[in-house]
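One structure below.
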There are 2 protein chains.
Amino acid sequence: MKRPTLEAVAARAGVSRATVSRVVNGSATVNPQIRTVVLRAVEELGYIPNSAARSLVTQRTGSIGLVVSEPLARVFSDDPFFSLVVRTVSQELEAADKQVVLMIPSSPAGQARVERYVAGRHVDGVILLSQHGSDPLPAALLRTGVPVVSHGRPVSAAKPPYCDVDNVGGARAAVEHLLARGRRRIATITGPLDMSAGLDRLAGYREILSGTGRRSLAAIGDFTRESGAAAMDQLLEDDPGLDAVFAASDLMATGALHSLRKAGRRVPDDVAVVGFDDIDAARYTDPPLTTVRQPIAEVARAVVRILLAGVDDQAEPVIFPTELVVRDST
Amino acid sequence: MKRPTLEAVAARAGVSRATVSRVVNGSATVNPQIRTVVLRAVEELGYIPNSAARSLVTQRTGSIGLVVSEPLARVFSDDPFFSLVVRTVSQELEAADKQVVLMIPSSPAGQARVERYVAGRHVDGVILLSQHGSDPLPAALLRTGVPVVSHGRPVSAAKPPYCDVDNVGGARAAVEHLLARGRRRIATITGPLDMSAGLDRLAGYREILSGTGRRSLAAIGDFTRESGAAAMDQLLEDDPGLDAVFAASDLMATGALHSLRKAGRRVPDDVAVVGFDDIDAARYTDPPLTTVRQPIAEVARAVVRILLAGVDDQAEPVIFPTELVVRDST
DNA sequence: AAGAGGCAAGAGAGCGCTCTCTCACCGCGC
DNA sequence: GCGCGGTGAGAGAGCGCTCTCTTGCCTCTT
């Protein structure tokens, strides 16, 4: 019933504990014959190292924390962003033989718990996802001395190394495209303005519009479909004559399409719509959505790579380009 | 630089290690005055227990494995099922002060890794998600003796305790609804037939149709939007005169709507469509989707509860009811 | 008043592993 | 022929914690 220990394997193989340890950990300085004997003993006993004992002495745990600071709305809605990042990070860490410990603090108490957990070195590193400006957690985690890398440009006071996509450039491309299509009154539905993705996409929009001396018109959303619909209603009320909308996420664009349909506006004839993300659903809306594709998985992979390579605090952030995908909504 | 240990706290408080341990673990048999002194020492030193050392002696780790046996397609597509379950499980375990270790084996090597990990008691329990009939992992995990609970009825040889929704009943309700609407040629788009959700929803469909002596017409999907679109194309080819479709997931229903639109069929005038899940997106399709609502989060919560309560192998499965939500697609 | 009984705190033995240090033994050069 | 470096295996000291066992003290009973 009891699990075999190193001791048991050593006894069976007729060697010392230290030698078994060397074999199990792949040390080079071990006689091939002895190695074989030890491996057979390991096999026969079904020996599996006790990681608690190992961590106790090595001070490493083999697991990485993935901290998602996300208000309920987004994760509970069907935004595929979260799944995709989690999935990719998991896959990438699996390849490196690391475990993923998922932490989604849903209250201040939860945040304190995460902080204690990380400070207690239960993880060898931390990946931050979806940071908000007001979130005190990134700074707290950075203070623990545990390596931290952020997925997405951090907006909080703390500035860990990070990877992101070119949100500003993507937004610029979207708005330029609308201008090229001859649209004159271009509104935007923003993301949350305490997140870099929200801020940067708005900045790109403003930059292009102000370059042409046009008026900007924005309604604030939170990346969810519902907020997109509400923002669209708002925009139509503010400026019934608008002829284009740039939504900072595809989900919000979907909500906007819904609102426009209800308001009797035709897309793209009356109003052109551009989204951001290029989620699967963008190809299935009516009409299919023109959008800015961002390589979410690549960012996730880069984040893991940076973390595993040993974080360098002064490292330049890695920024991936975005790409405009033109479909029928513009 | 070095983290303080129990020893250090004991020295500072002028008591023994054992006493500090008692205080930290909330033992009742400790003098309130001494407790106060110890707590102050803990505070002053910023003491955080070393979990590796603790696990080493207690044989418990405080973490629960969430094993997702999912082919790439579903998790990579924007199916909110995965996010919602992960989110709910995480939240529920957080409340119980447990960590979530996420494991998404993406290869046989990954499966072996998960098995070793669990057999090595790195987790106190396992939650299985999205099991497939051919998957050998559930049986392997059960053999380790670690408590296992399944989210969704298991179809593999191994039969851990589980929670699920009434998939058969939900499918029945959907088809009965279509019949009540006067539909005569009702097709179905199934889920994967090696998963209980796929099998059971098909069974419910067949049951009602055969009860009325009608012919059944099925195309196999895999819960993704794309497969739904392809299955719909297939069905239209097989029986151009069909007047209703029951899709085993909302995502597939969305794909079906897309195909129907392309084929020039009006929904619901020519063809009525019912989905399954009631994801957010179902309210935003054109037309809004009639669907079977399933309480995904409640199932997830129940699974956690069973696991934490101490798994009883003979426990009756907990089955949650589903509910038909009628919108404009029927 | 003396022994029994109870309760709170300390002593110390591990939990299973890694890793340094030591030791034995080999071949080699001078 | 003797010492020397190099190599591979064993001995043993912890890593930080829990938990049993023991001890000491105080109260209660007869």
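We name chains A, B, ... following the order of the structure tokens; residues begin at 1 in each chain, and ligands are numbered from 1 as shown.
Applying a distance limit of 8 Å to only C-alpha atoms (C1' of nucleotides), the residues of chain B near chain C read Ser16, Ala18, Thr19, Thr29, Val30, Asn31, Leu56 and Val57 of chain B.
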Taking only region 178-233 of chain A into account, list the residues labelled helix (DSSP H, G or I) by DSSP (computed from the backbone), as an NGL selection string. :A and (178-180 or 196-211 or 225-233)
Pick out the chain D residues within 8 Å of chain A. Count only C-alpha atoms (C1' of nucleotides). Give them as number ranges by chain. D: 8-10, 15-16
Grab the residues selected above and save them as a short mmCIF file (atom, residue, chain, number, x, y, z; two decimals), in the first residue's frame with N, CA and C atoms (P, O5', C5', C4', C3', O3' and C1' of nucleotides).
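Contents of result22.cif, as written:
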```
data_model
loop_
_atom_site.label_atom_id
_atom_site.label_comp_id
_atom_site.auth_asym_id
_atom_site.auth_seq_id
_atom_site.Cartn_x
_atom_site.Cartn_y
_atom_site.Cartn_z
P DG D 8 33.02 8.24 -14.01
"O5'" DG D 8 32.40 7.22 -12.96
"C5'" DG D 8 33.07 5.97 -12.73
"C4'" DG D 8 32.66 5.48 -11.37
"C3'" DG D 8 31.17 5.68 -11.06
"O3'" DG D 8 30.70 4.53 -10.36
"C1'" DG D 8 32.44 6.72 -9.40
P DA D 9 29.14 4.30 -10.15
"O5'" DA D 9 29.09 4.17 -8.58
"C5'" DA D 9 29.74 3.05 -7.96
"C4'" DA D 9 29.81 3.29 -6.47
"C3'" DA D 9 28.45 3.48 -5.79
"O3'" DA D 9 28.39 2.60 -4.67
"C1'" DA D 9 29.91 5.26 -5.24
P DG D 10 27.08 2.47 -3.78
"O5'" DG D 10 27.60 3.17 -2.45
"C5'" DG D 10 28.76 2.65 -1.81
"C4'" DG D 10 29.04 3.43 -0.54
"C3'" DG D 10 27.84 3.60 0.41
"O3'" DG D 10 28.33 3.48 1.73
"C1'" DG D 10 28.64 5.72 -0.23
P DC D 15 19.18 22.98 7.45
"O5'" DC D 15 18.01 22.95 6.39
"C5'" DC D 15 18.24 23.19 5.01
"C4'" DC D 15 16.99 22.81 4.26
"C3'" DC D 15 15.71 23.17 5.01
"O3'" DC D 15 15.25 24.44 4.53
"C1'" DC D 15 15.62 20.94 4.08
P DG D 16 15.00 25.62 5.58
"O5'" DG D 16 13.55 25.29 6.12
"C5'" DG D 16 12.47 25.25 5.21
"C4'" DG D 16 11.31 24.54 5.86
"C3'" DG D 16 10.86 25.14 7.19
"O3'" DG D 16 9.47 25.39 7.09
"C1'" DG D 16 11.12 22.81 7.38
#
```
All Cα atoms, paired in order, least squares: that's the fit I need for chain B onto chain A, output as a short mmCIF file (atom, residue, chain, number, x, y, z; two decimals) with C-alpha atoms, in the first residue's frame.
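That gives us selection.cif:
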```cif
data_model
loop_
_atom_site.label_atom_id
_atom_site.label_comp_id
_atom_site.auth_asym_id
_atom_site.auth_seq_id
_atom_site.Cartn_x
_atom_site.Cartn_y
_atom_site.Cartn_z
CA MET B 1 -0.06 0.06 -0.02
CA LYS B 2 2.69 2.42 0.89
CA ARG B 3 4.56 4.04 -1.92
CA PRO B 4 8.13 2.90 -2.38
CA THR B 5 10.84 5.40 -1.45
CA LEU B 6 14.33 5.97 -2.71
CA GLU B 7 15.50 3.84 0.18
CA ALA B 8 13.48 0.86 -1.03
CA VAL B 9 14.78 1.19 -4.56
CA ALA B 10 18.33 1.46 -3.25
CA ALA B 11 17.90 -1.68 -1.18
CA ARG B 12 16.47 -3.59 -4.10
CA ALA B 13 19.20 -2.48 -6.47
CA GLY B 14 21.89 -3.06 -3.87
CA VAL B 15 23.25 0.49 -4.07
CA SER B 16 23.03 3.59 -1.95
CA ARG B 17 20.24 6.13 -1.89
CA ALA B 18 22.57 8.69 -3.42
CA THR B 19 23.20 6.52 -6.44
CA VAL B 20 19.52 5.98 -7.07
CA SER B 21 19.01 9.71 -6.79
CA ARG B 22 21.73 10.25 -9.38
CA VAL B 23 20.13 7.79 -11.76
CA VAL B 24 16.65 9.21 -11.32
CA ASN B 25 17.92 12.73 -11.93
CA GLY B 26 19.98 11.73 -14.90
CA SER B 27 23.43 12.46 -13.56
CA ALA B 28 26.16 11.58 -16.06
CA THR B 29 28.66 10.18 -13.63
CA VAL B 30 27.04 6.85 -13.17
CA ASN B 31 28.17 3.45 -14.36
CA PRO B 32 25.86 2.24 -17.16
CA GLN B 33 25.52 -1.21 -15.59
CA ILE B 34 24.51 0.21 -12.25
CA ARG B 35 22.14 2.55 -14.00
CA THR B 36 20.42 -0.39 -15.65
CA VAL B 37 20.08 -2.25 -12.39
CA VAL B 38 18.65 0.81 -10.66
CA LEU B 39 16.20 1.52 -13.46
CA ARG B 40 14.97 -2.03 -13.27
CA ALA B 41 14.40 -1.68 -9.54
CA VAL B 42 12.54 1.57 -10.14
CA GLU B 43 10.39 -0.17 -12.69
CA GLU B 44 9.69 -3.21 -10.56
CA LEU B 45 8.68 -1.22 -7.53
CA GLY B 46 6.76 1.39 -9.47
CA TYR B 47 8.80 4.06 -7.81
CA ILE B 48 7.66 7.66 -8.24
CA PRO B 49 9.67 10.42 -6.58
CA ASN B 50 7.94 12.36 -3.84
CA SER B 51 7.87 15.90 -5.07
CA ALA B 52 7.28 17.42 -1.67
CA ALA B 53 10.51 15.96 -0.39
CA ARG B 54 12.31 17.03 -3.51
CA SER B 55 11.00 20.60 -3.39
CA LEU B 56 11.90 20.79 0.24
CA VAL B 57 15.55 20.50 -0.56
CA THR B 58 15.77 21.95 -4.06
CA GLN B 59 13.61 24.98 -3.32
CA ARG B 60 11.92 24.48 -6.64
CA THR B 61 8.43 23.21 -7.29
CA GLY B 62 8.15 22.64 -11.01
CA SER B 63 4.99 24.66 -11.27
CA ILE B 64 4.12 28.03 -12.70
CA GLY B 65 1.24 30.19 -11.54
CA LEU B 66 -1.14 31.63 -14.08
CA VAL B 67 -2.86 34.56 -12.41
CA VAL B 68 -5.96 35.86 -14.12
CA SER B 69 -7.14 39.21 -12.79
CA GLU B 70 -10.39 39.32 -14.55
CA PRO B 71 -13.69 40.71 -13.51
CA LEU B 72 -16.44 38.17 -13.75
CA ALA B 73 -18.00 39.58 -16.86
CA ARG B 74 -15.37 38.69 -19.38
CA VAL B 75 -14.50 35.23 -18.26
CA PHE B 76 -18.11 34.33 -17.77
CA SER B 77 -19.10 35.54 -21.17
CA ASP B 78 -18.01 33.50 -24.14
CA ASP B 79 -14.85 35.38 -24.87
CA PRO B 80 -12.46 32.83 -26.29
CA PHE B 81 -9.47 34.91 -25.27
CA PHE B 82 -9.22 33.33 -21.88
CA SER B 83 -9.51 29.73 -23.11
CA LEU B 84 -6.99 30.25 -25.80
CA VAL B 85 -4.37 31.75 -23.54
CA VAL B 86 -4.88 29.17 -20.83
CA ARG B 87 -4.73 26.39 -23.35
CA THR B 88 -1.59 27.65 -25.02
CA VAL B 89 0.23 28.35 -21.78
CA SER B 90 -0.68 24.91 -20.52
CA GLN B 91 0.58 23.25 -23.66
CA GLU B 92 3.81 25.18 -23.69
CA LEU B 93 4.53 24.46 -20.03
CA GLU B 94 3.67 20.83 -20.48
CA ALA B 95 6.44 20.63 -23.02
CA ALA B 96 8.81 22.00 -20.40
CA ASP B 97 7.53 19.49 -17.85
CA LYS B 98 6.02 22.18 -15.65
CA GLN B 99 2.64 22.25 -14.01
CA VAL B 100 0.16 25.07 -14.36
CA VAL B 101 -1.45 26.36 -11.21
CA LEU B 102 -4.42 28.45 -12.16
CA MET B 103 -5.34 31.31 -9.87
CA ILE B 104 -8.36 33.48 -10.47
CA PRO B 105 -8.71 35.61 -7.35
CA SER B 106 -12.30 36.75 -7.15
CA SER B 107 -12.07 38.91 -4.06
CA PRO B 108 -9.53 40.85 -2.02
CA ALA B 109 -9.27 37.78 0.18
CA GLY B 110 -8.52 35.74 -2.91
CA GLN B 111 -5.84 38.22 -3.91
CA ALA B 112 -4.23 38.01 -0.51
CA ARG B 113 -4.29 34.28 -0.86
CA VAL B 114 -2.54 34.40 -4.21
CA GLU B 115 0.04 36.75 -2.81
CA ARG B 116 0.75 34.49 0.13
CA TYR B 117 0.89 31.51 -2.14
CA VAL B 118 3.44 33.06 -4.44
CA ALA B 119 5.43 34.59 -1.59
CA GLY B 120 5.52 31.10 -0.11
CA ARG B 121 7.34 29.97 -3.26
CA HIS B 122 4.80 27.41 -4.14
CA VAL B 123 5.45 28.34 -7.75
CA ASP B 124 8.69 28.99 -9.59
CA GLY B 125 7.24 31.81 -11.64
CA VAL B 126 4.09 33.73 -12.40
CA ILE B 127 2.30 34.72 -15.57
CA LEU B 128 -0.08 37.64 -15.30
CA LEU B 129 -3.14 37.81 -17.49
CA SER B 130 -5.59 40.67 -18.00
CA GLN B 131 -4.18 43.25 -15.67
CA HIS B 132 -6.18 46.26 -14.65
CA GLY B 133 -4.75 49.62 -13.68
CA SER B 134 -6.08 49.56 -10.18
CA ASP B 135 -4.96 46.04 -9.42
CA PRO B 136 -2.43 45.96 -6.55
CA LEU B 137 -1.54 42.34 -7.16
CA PRO B 138 1.16 42.73 -9.82
CA ALA B 139 3.21 45.00 -7.59
CA ALA B 140 2.76 42.65 -4.65
CA LEU B 141 3.88 39.69 -6.72
CA LEU B 142 6.92 41.49 -8.05
CA ARG B 143 7.92 42.28 -4.49
CA THR B 144 8.06 38.60 -3.64
CA GLY B 145 11.09 38.20 -5.87
CA VAL B 146 9.48 35.40 -7.84
CA PRO B 147 9.92 35.84 -11.61
CA VAL B 148 6.87 37.50 -13.14
CA VAL B 149 5.99 38.00 -16.80
CA SER B 150 2.88 39.73 -18.05
CA HIS B 151 0.69 38.77 -20.96
CA GLY B 152 -0.25 42.18 -22.25
CA ARG B 153 1.32 45.54 -21.45
CA PRO B 154 0.92 46.24 -17.74
CA VAL B 155 -0.85 49.45 -16.78
CA SER B 156 -0.40 49.23 -13.05
CA ALA B 157 2.46 50.90 -11.23
CA ALA B 158 4.41 47.67 -11.34
CA LYS B 159 6.20 47.02 -14.62
CA PRO B 160 7.13 43.40 -15.11
CA PRO B 161 8.57 42.28 -18.44
CA TYR B 162 5.81 41.54 -20.92
CA CYS B 163 4.69 40.48 -24.38
CA ASP B 164 1.83 42.01 -26.24
CA VAL B 165 0.42 42.64 -29.68
CA ASP B 166 0.60 45.97 -31.45
CA ASN B 167 -2.77 47.23 -30.29
CA VAL B 168 -2.18 50.80 -31.39
CA GLY B 169 -1.09 49.71 -34.86
CA GLY B 170 -4.05 47.39 -35.22
CA ALA B 171 -6.50 50.12 -34.32
CA ARG B 172 -4.79 52.49 -36.73
CA ALA B 173 -5.12 49.98 -39.54
CA ALA B 174 -8.80 49.48 -38.77
CA VAL B 175 -9.60 53.17 -38.86
CA GLU B 176 -7.48 53.80 -41.94
CA HIS B 177 -9.37 51.04 -43.67
CA LEU B 178 -12.69 52.69 -42.81
CA LEU B 179 -11.43 56.01 -44.14
CA ALA B 180 -10.25 54.34 -47.31
CA ARG B 181 -13.76 52.95 -47.73
CA GLY B 182 -14.98 56.52 -47.75
CA ARG B 183 -16.47 56.59 -44.27
CA ARG B 184 -16.67 60.03 -42.71
CA ARG B 185 -18.23 59.69 -39.29
CA ILE B 186 -16.39 56.93 -37.54
CA ALA B 187 -17.25 56.04 -33.96
CA THR B 188 -15.53 53.59 -31.63
CA ILE B 189 -16.59 51.20 -28.90
CA THR B 190 -13.70 50.97 -26.49
CA GLY B 191 -12.57 48.26 -24.14
CA PRO B 192 -12.19 48.92 -20.42
CA LEU B 193 -10.04 52.00 -19.97
CA ASP B 194 -8.05 50.54 -17.11
CA MET B 195 -6.58 47.87 -19.36
CA SER B 196 -3.83 48.41 -21.87
CA ALA B 197 -5.72 46.68 -24.67
CA GLY B 198 -8.59 49.12 -24.13
CA LEU B 199 -6.37 52.17 -23.88
CA ASP B 200 -4.09 51.36 -26.78
CA ARG B 201 -6.84 50.54 -29.23
CA LEU B 202 -8.53 53.81 -28.38
CA ALA B 203 -5.24 55.63 -28.81
CA GLY B 204 -4.78 54.18 -32.29
CA TYR B 205 -8.29 55.23 -33.25
CA ARG B 206 -7.79 58.76 -31.96
CA GLU B 207 -4.44 59.11 -33.62
CA ILE B 208 -5.75 58.47 -37.11
CA LEU B 209 -8.90 60.50 -36.70
CA SER B 210 -7.16 63.52 -35.29
CA GLY B 211 -4.67 63.25 -38.13
CA THR B 212 -7.52 63.93 -40.54
CA GLY B 213 -9.11 66.58 -38.39
CA ARG B 214 -12.19 64.47 -37.79
CA ARG B 215 -14.26 64.37 -34.63
CA SER B 216 -13.95 61.25 -32.50
CA LEU B 217 -16.94 59.62 -30.91
CA ALA B 218 -16.49 56.94 -28.32
CA ALA B 219 -18.65 54.78 -26.08
CA ILE B 220 -17.04 52.68 -23.40
CA GLY B 221 -17.51 48.92 -23.31
CA ASP B 222 -15.88 46.10 -21.37
CA PHE B 223 -15.11 43.67 -24.20
CA THR B 224 -18.37 41.74 -23.71
CA ARG B 225 -21.03 41.33 -26.32
CA GLU B 226 -23.63 42.90 -24.12
CA SER B 227 -21.57 46.01 -23.49
CA GLY B 228 -21.02 46.28 -27.24
CA ALA B 229 -24.73 46.28 -27.87
CA ALA B 230 -25.34 48.90 -25.19
CA ALA B 231 -22.50 51.08 -26.47
CA MET B 232 -23.88 50.89 -30.00
CA ASP B 233 -27.30 52.02 -28.80
CA GLN B 234 -25.60 54.92 -27.09
CA LEU B 235 -23.60 55.87 -30.17
CA LEU B 236 -26.67 55.81 -32.41
CA GLU B 237 -28.38 58.12 -30.01
CA ASP B 238 -25.40 60.49 -29.83
CA ASP B 239 -24.89 60.63 -33.57
CA PRO B 240 -27.61 59.04 -35.69
CA GLY B 241 -25.63 59.92 -38.79
CA LEU B 242 -22.55 57.84 -38.06
CA ASP B 243 -21.48 55.60 -40.90
CA ALA B 244 -18.81 53.41 -39.28
CA VAL B 245 -17.84 51.83 -35.98
CA PHE B 246 -14.57 50.41 -34.79
CA ALA B 247 -15.16 48.04 -31.87
CA ALA B 248 -12.19 47.12 -29.71
CA SER B 249 -13.23 43.46 -29.62
CA ASP B 250 -15.09 41.10 -31.92
CA LEU B 251 -17.53 40.23 -29.19
CA MET B 252 -18.48 43.89 -28.83
CA ALA B 253 -18.68 44.14 -32.59
CA THR B 254 -21.15 41.26 -32.55
CA GLY B 255 -23.23 43.10 -29.99
CA ALA B 256 -23.02 46.20 -32.14
CA LEU B 257 -24.23 44.28 -35.20
CA HIS B 258 -27.19 43.14 -33.17
CA SER B 259 -28.04 46.69 -32.10
CA LEU B 260 -27.63 48.02 -35.61
CA ARG B 261 -29.97 45.38 -36.97
CA LYS B 262 -32.56 46.23 -34.35
CA ALA B 263 -32.20 49.93 -35.20
CA GLY B 264 -32.86 49.13 -38.84
CA ARG B 265 -29.39 50.01 -40.04
CA ARG B 266 -27.88 47.87 -42.79
CA VAL B 267 -24.30 46.66 -42.51
CA PRO B 268 -22.19 47.65 -44.35
CA ASP B 269 -24.49 49.82 -46.51
CA ASP B 270 -25.47 52.25 -43.76
CA VAL B 271 -22.83 51.53 -41.17
CA ALA B 272 -19.51 49.71 -41.56
CA VAL B 273 -18.23 47.69 -38.62
CA VAL B 274 -14.70 46.58 -37.76
CA GLY B 275 -13.85 44.38 -34.80
CA PHE B 276 -10.64 43.32 -33.11
CA ASP B 277 -9.32 39.79 -32.31
CA ASP B 278 -10.50 37.69 -35.23
CA ILE B 279 -12.21 35.08 -33.13
CA ASP B 280 -13.86 32.16 -34.85
CA ALA B 281 -17.27 33.73 -34.51
CA ALA B 282 -16.19 36.67 -36.67
CA ARG B 283 -16.53 34.50 -39.75
CA TYR B 284 -20.04 33.50 -38.80
CA THR B 285 -21.71 36.82 -38.09
CA ASP B 286 -24.12 38.30 -40.60
CA PRO B 287 -22.38 39.84 -42.42
CA PRO B 288 -18.98 38.26 -41.69
CA LEU B 289 -16.90 40.69 -39.70
CA THR B 290 -13.93 42.70 -40.88
CA THR B 291 -11.51 42.61 -37.98
CA VAL B 292 -7.95 42.99 -36.75
CA ARG B 293 -6.34 39.64 -36.21
CA GLN B 294 -4.09 39.35 -33.18
CA PRO B 295 -1.86 36.33 -32.56
CA ILE B 296 -3.05 35.56 -29.03
CA ALA B 297 -1.43 32.16 -28.88
CA GLU B 298 1.92 33.47 -30.07
CA VAL B 299 1.96 36.04 -27.32
CA ALA B 300 1.19 33.33 -24.80
CA ARG B 301 4.02 31.20 -26.12
CA ALA B 302 6.44 34.09 -25.99
CA VAL B 303 5.48 34.82 -22.40
CA VAL B 304 6.20 31.26 -21.37
CA ARG B 305 9.48 31.31 -23.22
CA ILE B 306 10.63 34.45 -21.46
CA LEU B 307 9.66 33.07 -18.09
CA LEU B 308 11.43 29.77 -18.63
CA ALA B 309 14.51 31.43 -20.05
CA GLY B 310 14.95 33.22 -16.74
CA VAL B 311 13.37 36.61 -16.52
CA ASP B 312 15.55 39.58 -17.24
CA ASP B 313 14.00 42.64 -15.64
CA GLN B 314 15.38 44.97 -18.24
CA ALA B 315 14.33 42.88 -21.21
CA GLU B 316 12.68 44.70 -24.05
CA PRO B 317 9.02 43.80 -24.38
CA VAL B 318 8.19 41.52 -27.31
CA ILE B 319 5.47 42.99 -29.51
CA PHE B 320 3.70 41.00 -32.19
CA PRO B 321 2.17 42.63 -35.26
CA THR B 322 -1.56 42.56 -35.97
CA GLU B 323 -3.20 42.13 -39.33
CA LEU B 324 -6.37 43.53 -40.82
CA VAL B 325 -8.74 40.87 -42.14
CA VAL B 326 -11.30 42.35 -44.52
CA ARG B 327 -14.68 40.65 -44.75
CA ASP B 328 -18.17 41.86 -45.61
CA SER B 329 -18.98 44.22 -42.77
CA THR B 330 -17.01 47.11 -44.33
#
```
List every residue of region 149-320 of chain A that DSSP, applied to the backbone of this structure, places in strand (DSSP E), and write the result as a short mmCIF file (atom, residue, chain, number, x, y, z; two decimals) with C-alpha atoms, in the first residue's frame.
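File produced: out.cif:
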```
data_model
loop_
_atom_site.label_atom_id
_atom_site.label_comp_id
_atom_site.auth_asym_id
_atom_site.auth_seq_id
_atom_site.Cartn_x
_atom_site.Cartn_y
_atom_site.Cartn_z
CA VAL A 149 5.98 38.01 -16.79
CA SER A 150 2.88 39.73 -18.03
CA HIS A 151 0.67 38.77 -20.95
CA TYR A 162 5.80 41.54 -20.92
CA CYS A 163 4.68 40.47 -24.37
CA ASP A 164 1.81 42.02 -26.24
CA VAL A 165 0.40 42.64 -29.66
CA ILE A 186 -16.37 56.94 -37.57
CA ALA A 187 -17.25 56.07 -33.99
CA THR A 188 -15.55 53.61 -31.65
CA ILE A 189 -16.61 51.23 -28.94
CA THR A 190 -13.71 51.02 -26.51
CA LEU A 217 -16.94 59.66 -30.95
CA ALA A 218 -16.50 56.97 -28.36
CA ALA A 219 -18.65 54.81 -26.11
CA ILE A 220 -17.05 52.71 -23.42
CA ALA A 244 -18.82 53.42 -39.33
CA VAL A 245 -17.84 51.85 -36.01
CA PHE A 246 -14.57 50.43 -34.81
CA ALA A 247 -15.18 48.05 -31.89
CA ALA A 272 -19.52 49.73 -41.60
CA VAL A 273 -18.23 47.70 -38.63
CA VAL A 274 -14.70 46.59 -37.77
CA GLY A 275 -13.86 44.39 -34.81
CA PHE A 276 -10.66 43.33 -33.10
CA ASP A 277 -9.35 39.82 -32.30
CA THR A 290 -13.93 42.70 -40.88
CA THR A 291 -11.53 42.60 -37.99
CA VAL A 292 -7.97 43.00 -36.75
CA ARG A 293 -6.34 39.64 -36.20
CA VAL A 318 8.17 41.51 -27.28
CA ILE A 319 5.46 42.98 -29.48
CA PHE A 320 3.68 40.99 -32.18
#
```
